[in-house]
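> Hey, dropping target_18.cif in here, mmCIF, C-alpha atoms and all ligand atoms:
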```cif
data_target
loop_
_atom_site.label_atom_id
_atom_site.label_comp_id
_atom_site.auth_asym_id
_atom_site.auth_seq_id
_atom_site.Cartn_x
_atom_site.Cartn_y
_atom_site.Cartn_z
CA MET L 1 -23.86 -30.37 -0.74
CA LEU L 2 -20.45 -28.77 -1.19
CA LEU L 3 -20.63 -26.57 1.91
CA ASP L 4 -23.05 -26.86 4.82
CA VAL L 5 -22.54 -24.37 7.66
CA LYS L 6 -24.75 -25.18 10.64
CA ASN L 7 -25.42 -23.04 13.69
CA ILE L 8 -21.97 -21.48 13.94
CA HIS L 9 -21.16 -19.51 17.08
CA LYS L 10 -17.97 -17.58 17.69
CA THR L 11 -17.01 -15.39 20.64
CA TYR L 12 -13.81 -13.37 20.89
CA GLN L 13 -12.32 -12.57 24.26
CA THR L 14 -11.54 -8.86 24.37
CA ALA L 15 -10.28 -6.42 27.01
CA ASP L 16 -13.94 -5.41 27.55
CA GLY L 17 -15.04 -9.00 28.04
CA PRO L 18 -16.44 -11.64 25.67
CA PHE L 19 -17.77 -10.42 22.33
CA GLU L 20 -20.10 -12.78 20.50
CA VAL L 21 -19.57 -12.02 16.82
CA LEU L 22 -21.44 -14.99 15.27
CA ARG L 23 -24.67 -16.14 16.94
CA GLY L 24 -25.93 -19.12 15.01
CA VAL L 25 -25.00 -18.76 11.35
CA ASP L 26 -26.38 -21.20 8.77
CA LEU L 27 -25.55 -21.27 5.09
CA ARG L 28 -25.30 -23.78 2.28
CA LEU L 29 -23.52 -23.70 -1.03
CA GLY L 30 -23.78 -26.24 -3.82
CA GLU L 31 -21.30 -27.17 -6.53
CA GLY L 32 -20.94 -24.43 -9.12
CA GLU L 33 -22.93 -21.94 -7.02
CA THR L 34 -21.69 -18.43 -6.36
CA LEU L 35 -22.64 -16.54 -3.20
CA ALA L 36 -21.91 -13.00 -2.03
CA LEU L 37 -21.64 -12.36 1.69
CA THR L 38 -22.32 -8.74 2.62
CA GLY L 39 -22.67 -6.96 5.94
CA GLU L 40 -21.47 -3.86 7.74
CA SER L 41 -17.86 -3.49 8.74
CA GLY L 42 -17.33 -5.53 11.88
CA SER L 43 -20.34 -7.79 11.28
CA GLY L 44 -18.13 -10.89 11.21
CA LYS L 45 -17.76 -11.64 7.48
CA SER L 46 -14.01 -12.26 7.62
CA THR L 47 -14.43 -14.25 10.83
CA LEU L 48 -16.93 -16.54 9.11
CA LEU L 49 -14.68 -16.95 6.07
CA HIS L 50 -11.72 -17.84 8.30
CA LEU L 51 -13.81 -20.45 10.08
CA ILE L 52 -14.99 -21.99 6.81
CA GLY L 53 -11.40 -21.99 5.56
CA GLY L 54 -10.32 -23.88 8.68
CA LEU L 55 -8.01 -21.06 9.76
CA ASP L 56 -9.82 -20.69 13.09
CA MET L 57 -12.28 -22.79 15.11
CA PRO L 58 -15.90 -21.98 15.97
CA ASP L 59 -17.11 -22.38 19.56
CA ARG L 60 -20.14 -24.34 18.41
CA GLY L 61 -21.66 -25.66 15.18
CA ALA L 62 -20.57 -27.65 12.16
CA ILE L 63 -18.85 -26.71 8.90
CA VAL L 64 -19.18 -29.61 6.50
CA ILE L 65 -17.17 -29.44 3.27
CA ASN L 66 -17.77 -32.30 0.85
CA GLY L 67 -18.93 -34.46 3.73
CA HIS L 68 -16.05 -33.61 6.09
CA ASP L 69 -16.72 -31.54 9.22
CA ILE L 70 -13.83 -29.10 9.33
CA ALA L 71 -15.03 -27.64 12.64
CA GLY L 72 -14.86 -30.97 14.43
CA ALA L 73 -11.52 -32.03 12.93
CA ASP L 74 -8.11 -31.91 14.60
CA ASP L 75 -5.34 -29.73 13.15
CA ALA L 76 -3.97 -32.38 10.80
CA ALA L 77 -7.38 -33.40 9.46
CA ARG L 78 -8.36 -29.75 9.04
CA ALA L 79 -5.21 -29.06 7.05
CA ALA L 80 -5.89 -32.11 4.87
CA ILE L 81 -9.48 -31.00 4.11
CA ARG L 82 -8.21 -27.51 3.33
CA ARG L 83 -5.48 -28.75 1.02
CA GLY L 84 -7.82 -31.13 -0.72
CA SER L 85 -10.87 -28.97 -1.29
CA VAL L 86 -10.52 -25.30 -0.35
CA GLY L 87 -8.83 -22.34 -2.02
CA VAL L 88 -8.63 -18.97 -0.29
CA VAL L 89 -8.02 -15.52 -1.79
CA PHE L 90 -7.39 -12.73 0.67
CA GLN L 91 -6.62 -9.06 0.16
CA GLN L 92 -3.02 -9.62 1.13
CA PHE L 93 -1.51 -11.59 -1.70
CA ASN L 94 1.18 -13.33 0.38
CA LEU L 95 3.18 -14.22 -2.70
CA ILE L 96 6.57 -15.77 -2.09
CA PRO L 97 9.15 -13.11 -3.07
CA SER L 98 11.93 -15.58 -3.87
CA LEU L 99 9.82 -17.57 -6.35
CA THR L 100 8.97 -16.61 -9.92
CA VAL L 101 5.39 -15.94 -10.97
CA ALA L 102 5.20 -19.43 -12.51
CA ASP L 103 6.42 -21.06 -9.31
CA ASN L 104 4.10 -18.95 -7.16
CA ILE L 105 1.15 -20.07 -9.28
CA ALA L 106 2.23 -23.72 -9.00
CA PHE L 107 3.12 -23.59 -5.30
CA GLN L 108 -0.10 -24.71 -3.62
CA ALA L 109 -0.98 -27.15 -6.37
CA ARG L 110 2.40 -28.84 -5.89
CA LEU L 111 1.92 -28.95 -2.11
CA ALA L 112 -1.45 -30.61 -2.61
CA ASP L 113 0.03 -32.98 -5.19
CA LYS L 114 -2.41 -31.59 -7.75
CA TYR L 115 -0.04 -29.76 -10.05
CA ASP L 116 -1.18 -29.84 -13.65
CA PRO L 117 1.26 -27.85 -15.81
CA GLN L 118 -1.23 -27.41 -18.63
CA TRP L 119 -3.93 -26.10 -16.35
CA SER L 120 -1.48 -23.73 -14.61
CA GLU L 121 -0.34 -22.44 -17.98
CA ALA L 122 -3.91 -21.96 -19.15
CA LEU L 123 -4.72 -20.09 -15.94
CA ALA L 124 -1.71 -17.82 -16.36
CA GLY L 125 -2.83 -17.11 -19.92
CA THR L 126 -6.40 -16.36 -18.92
CA MET L 127 -5.16 -14.09 -16.15
CA GLY L 128 -3.00 -12.16 -18.61
CA LEU L 129 0.21 -13.30 -16.95
CA ALA L 130 1.78 -15.28 -19.80
CA ASP L 131 4.47 -12.65 -20.39
CA HIS L 132 5.34 -12.37 -16.72
CA LEU L 133 5.97 -15.98 -15.72
CA ARG L 134 9.72 -15.59 -15.22
CA LYS L 135 9.42 -12.38 -13.23
CA TYR L 136 9.39 -12.05 -9.45
CA PRO L 137 6.42 -10.62 -7.54
CA GLU L 138 8.19 -7.32 -6.77
CA GLN L 139 8.45 -6.69 -10.53
CA LEU L 140 4.66 -6.74 -10.93
CA SER L 141 1.96 -4.15 -10.32
CA GLY L 142 -0.55 -4.64 -7.50
CA GLY L 143 -3.21 -5.79 -9.95
CA GLN L 144 -0.84 -8.29 -11.56
CA GLN L 145 0.15 -9.63 -8.14
CA GLN L 146 -3.48 -10.11 -7.22
CA ARG L 147 -4.03 -12.06 -10.44
CA VAL L 148 -1.06 -14.28 -9.54
CA ALA L 149 -2.63 -14.86 -6.13
CA ILE L 150 -5.95 -15.80 -7.72
CA ALA L 151 -4.25 -18.11 -10.25
CA ARG L 152 -2.35 -19.76 -7.39
CA THR L 153 -5.62 -20.38 -5.56
CA LEU L 154 -7.31 -21.87 -8.62
CA ALA L 155 -4.32 -23.96 -9.77
CA PRO L 156 -5.18 -26.99 -7.58
CA LYS L 157 -8.81 -26.78 -8.85
CA PRO L 158 -10.34 -26.36 -5.40
CA ALA L 159 -13.96 -27.48 -5.02
CA LEU L 160 -14.63 -24.45 -2.84
CA VAL L 161 -13.14 -20.98 -3.38
CA LEU L 162 -13.32 -18.49 -0.51
CA ALA L 163 -12.52 -14.90 -1.36
CA ASP L 164 -12.38 -11.87 0.95
CA GLU L 165 -12.74 -8.66 -1.07
CA PRO L 166 -10.45 -10.17 -3.73
CA THR L 167 -10.67 -7.11 -5.93
CA GLY L 168 -10.74 -4.60 -3.06
CA ASN L 169 -7.49 -2.92 -3.89
CA LEU L 170 -7.65 -3.06 -7.66
CA ASP L 171 -8.81 -0.21 -9.89
CA GLU L 172 -12.32 -0.54 -11.27
CA ASP L 173 -11.37 -1.83 -14.73
CA THR L 174 -8.89 -4.41 -13.43
CA ALA L 175 -11.38 -5.43 -10.74
CA ARG L 176 -14.00 -6.10 -13.39
CA VAL L 177 -11.59 -8.18 -15.48
CA VAL L 178 -10.41 -10.20 -12.48
CA MET L 179 -14.01 -10.76 -11.39
CA ASP L 180 -14.95 -11.96 -14.89
CA LEU L 181 -12.05 -14.39 -14.81
CA MET L 182 -12.95 -15.74 -11.38
CA LEU L 183 -16.57 -16.32 -12.40
CA ASP L 184 -15.55 -17.95 -15.69
CA LEU L 185 -13.04 -20.18 -14.02
CA ALA L 186 -15.46 -21.14 -11.25
CA ALA L 187 -17.99 -22.03 -13.93
CA ASP L 188 -15.38 -24.00 -15.91
CA THR L 189 -14.20 -26.06 -12.95
CA GLY L 190 -17.62 -26.34 -11.23
CA ALA L 191 -16.19 -24.79 -8.07
CA GLY L 192 -18.43 -23.15 -5.50
CA LEU L 193 -17.51 -19.52 -4.81
CA LEU L 194 -18.17 -17.67 -1.57
CA MET L 195 -17.12 -14.04 -1.74
CA VAL L 196 -17.12 -11.37 0.92
CA THR L 197 -17.66 -7.93 -0.54
CA HIS L 198 -18.78 -4.42 0.37
CA SER L 199 -19.65 -3.72 -3.24
CA GLN L 200 -23.31 -4.06 -4.16
CA ALA L 201 -22.33 -4.11 -7.83
CA LEU L 202 -20.01 -7.07 -7.26
CA ALA L 203 -22.54 -8.85 -5.08
CA GLY L 204 -25.10 -8.44 -7.86
CA ARG L 205 -22.91 -10.46 -10.21
CA LEU L 206 -23.02 -13.55 -8.02
CA GLY L 207 -25.85 -16.07 -8.01
CA ARG L 208 -27.07 -15.42 -4.47
CA ARG L 209 -26.51 -12.86 -1.77
CA LEU L 210 -26.58 -13.26 2.02
CA HIS L 211 -26.39 -10.43 4.51
CA LEU L 212 -24.76 -10.83 7.92
CA LYS L 213 -26.31 -8.74 10.69
CA ALA L 214 -26.15 -8.94 14.47
CA GLY L 215 -24.29 -12.23 14.25
CA ARG L 216 -26.84 -13.98 12.02
CA ILE L 217 -27.80 -14.25 8.37
CA ALA L 218 -30.48 -11.57 8.04
N1 LIG U 301 -8.91 -11.92 17.00
C1 LIG U 301 -9.88 -11.09 17.40
N2 LIG U 301 -10.01 -10.79 18.71
C2 LIG U 301 -11.00 -9.98 19.16
N3 LIG U 301 -11.93 -9.40 18.35
C3 LIG U 301 -11.84 -9.66 17.05
C4 LIG U 301 -10.82 -10.51 16.49
N4 LIG U 301 -11.00 -10.58 15.15
C5 LIG U 301 -12.08 -9.81 14.87
N5 LIG U 301 -12.58 -9.26 16.01
C6 LIG U 301 -13.79 -8.41 16.10
O1 LIG U 301 -14.89 -9.14 15.59
C7 LIG U 301 -15.73 -8.31 14.81
C8 LIG U 301 -15.86 -8.91 13.41
O2 LIG U 301 -14.64 -8.79 12.70
P1 LIG U 301 -14.52 -9.25 11.17
O3 LIG U 301 -13.15 -8.90 10.72
O4 LIG U 301 -14.98 -10.64 11.06
O5 LIG U 301 -15.61 -8.28 10.51
P2 LIG U 301 -15.89 -7.96 8.97
O6 LIG U 301 -17.37 -8.01 8.80
O7 LIG U 301 -15.07 -8.81 8.11
O8 LIG U 301 -15.41 -6.44 8.89
P3 LIG U 301 -14.77 -5.61 7.65
O9 LIG U 301 -15.86 -5.49 6.65
O10 LIG U 301 -14.42 -4.31 8.28
O11 LIG U 301 -13.57 -6.38 7.17
C9 LIG U 301 -15.12 -6.92 14.84
O12 LIG U 301 -15.77 -6.18 15.83
C10 LIG U 301 -13.67 -7.18 15.22
O13 LIG U 301 -13.17 -6.09 15.95
#
```
Since I need it in another form, could you write the structure as structure tokens?

Amino acid sequence: MLLDVKNIHKTYQTADGPFEVLRGVDLRLGEGETLALTGESGSGKSTLLHLIGGLDMPDRGAIVINGHDIAGADDAARAAIRRGSVGVVFQQFNLIPSLTVADNIAFQARLADKYDPQWSEALAGTMGLADHLRKYPEQLSGGQQQRVAIARTLAPKPALVLADEPTGNLDEDTARVVMDLMLDLAADTGAGLLMVTHSQALAGRLGRRLHLKAGRIA
């Protein structure tokens, strides 16, 4: 099993006292599977994605990625699991302004020692970025920047891709193209894809759909 999330609990401390956002979440994702995570605003979708991505820690439960429990790992081990297996696409692109498009795409793959120039070039081509490789992020449109961010995530060929509304701020046509590319590329590399989305249409394009409600999978 690529991803096995078991009985995850998470409570935030707020000014009004503790707020239990996740109350025993279980989910599993196999290699090459695609899963949409839906739920009302505030239901904890982003929180869950952050926990799976090792960006925050649950209070209880296990998050096993390719046999490694990211929830029980210390900071260094968590970072190593993340670098080795997980790619994250958020709504904020977080491109590096001082690097060209080509270097932004290669950045995480180089960090993970998984840079494959041919694969990066192919990704840039598929993403429609071949003519923009020498440009800097500020010279690109929002949609182009998002495609750079997605290419950067896929460049190290992560086993697990986590995406939080990755097409949320793209126009409908660009969103459809980017979604096609992500699904194709996930299929090509055998990656598992877990995507948070508000869009029923988008959710319908993924293999399975889970709904988060009252802190649990409904
Ligand atoms: N660091 C934090 N401290 C306290 N409360 C938080 C924190 N982060 C999130 N929350 C609260 O936890 C709940 C879940 O937030 P989360 O962002 O996971 O929801 P979401 O389902 O992704 O929402 P949306 O669809 O609006 O992005 C919300 O009520 C939010 O206010």
> Which residues come within 12 Å of Arg78 of chain L, counting all atoms listed in the file, excluding same-chain residues fewer than 5 positions away, as a list of chain:residue names?
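So the residues in contact are L:Leu51, L:Ile52, L:Gly53, L:Gly54, L:Leu55, L:Asp56, L:Met57, L:Ile63, L:Val64, L:Ile65, L:His68, L:Asp69, L:Ile70, L:Ala71, L:Gly72, L:Ala73, L:Arg83, L:Gly84, L:Ser85, L:Val86.
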> What lies within 8 Å of Ala149 of chain L using all atoms listed in the file, ignoring chain neighbours under 5 positions off, as a list in words?
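My reading of the contact set: Val89, Phe93, Asn94, Leu95, Asn104 and Ile105 of chain L.
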> In the coordinate frame of the file, compute which residues have an atom within 12 Å of (8.4, -12.5, -7.2) when using only C-alpha atoms, and state them as a list of chain:residue names.
L:Phe93, L:Asn94, L:Leu95, L:Ile96, L:Pro97, L:Ser98, L:Leu99, L:Thr100, L:Val101, L:Ala102, L:Asp103, L:Asn104, L:Ile105, L:His132, L:Leu133, L:Arg134, L:Lys135, L:Tyr136, L:Pro137, L:Glu138, L:Gln139, L:Leu140, L:Ser141, L:Gly142, L:Gln144, L:Gln145, L:Val148, L:Ala149
> Taking all atoms listed in the file into account, which residues are within 12 Å of ligand LIG 301 (chain U), as an MDAnalysis selection string?
chainID L and resid 10:23 37:51 55:57 90:91 163:166 168 195:199 211:216
> Please measure the separation of atom CA of Thr189 of chain L and atom CA of Leu129 of chain L, giving the value in Å to one decimal.
19.7 Å
> In Å, with one decimal, what is the gap from atom CA of Met1 of chain L to atom CA of Gln200 of chain L?
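Distance between the two atoms: 26.5 Å.
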> Restricting the calculation to only C-alpha atoms: of L:Ala155, L:Leu3, L:Val88, L:Ala77, which residue gets closest to Leu35 of chain L?
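Comparing L:Ala155, L:Leu3, L:Val88, L:Ala77 against Leu35 of chain L, the winner is L:Leu3.
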> Between atom CA of Leu2 of chain L and atom CA of Lys114 of chain L, measure the distance and give it in Å to one decimal.
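Separating atom CA of Leu2 of chain L from atom CA of Lys114 of chain L is a distance of 19.4 Å.
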> Between L:Ala62, L:Met127, L:Ile217, L:Ala80, which one has atoms that come closest to Arg152 of chain L, using all atoms listed in the file?
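Ranking L:Ala62, L:Met127, L:Ile217, L:Ala80 by distance to Arg152 of chain L, first place goes to L:Met127.
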> May I ask which of the residues L:Leu154, L:Ala36, L:Leu160, L:Ala122 is the closest one to Ile81 of chain L, counting all atoms listed in the file?
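Distance minimum relative to Ile81 of chain L lands on L:Leu160.
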> Counting all atoms listed in the file, what is within 7 Å of Gln108 of chain L, bar same-chain residues fewer than 3 positions away, as a PyMOL selection string?
chain L and resi 111-112+152+156
> Give the answer as one residue: which of L:Asp116, L:Glu33, L:Asp171, L:Glu121 has the shortest atom-to-atom distance to Leu206 of chain L, using only C-alpha atoms?
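When distances to Leu206 of chain L are compared using only C-alpha atoms, the smallest one comes from L:Glu33.
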> Write out as an NGL selection string which residues come within 12 Å of Asp180 of chain L when counting all atoms listed in the file, dropping same-chain ones fewer than 4 positions away.
:L and (126-127 or 147 or 167 or 173-176 or 184-187 or 202 or 205-206)
> In terms of the shortest atom-to-atom distance over all atoms listed in the file, which of L:Arg209, L:Lys157, L:Arg82, L:Lys6 is closest to Leu194 of chain L?
L:Arg209
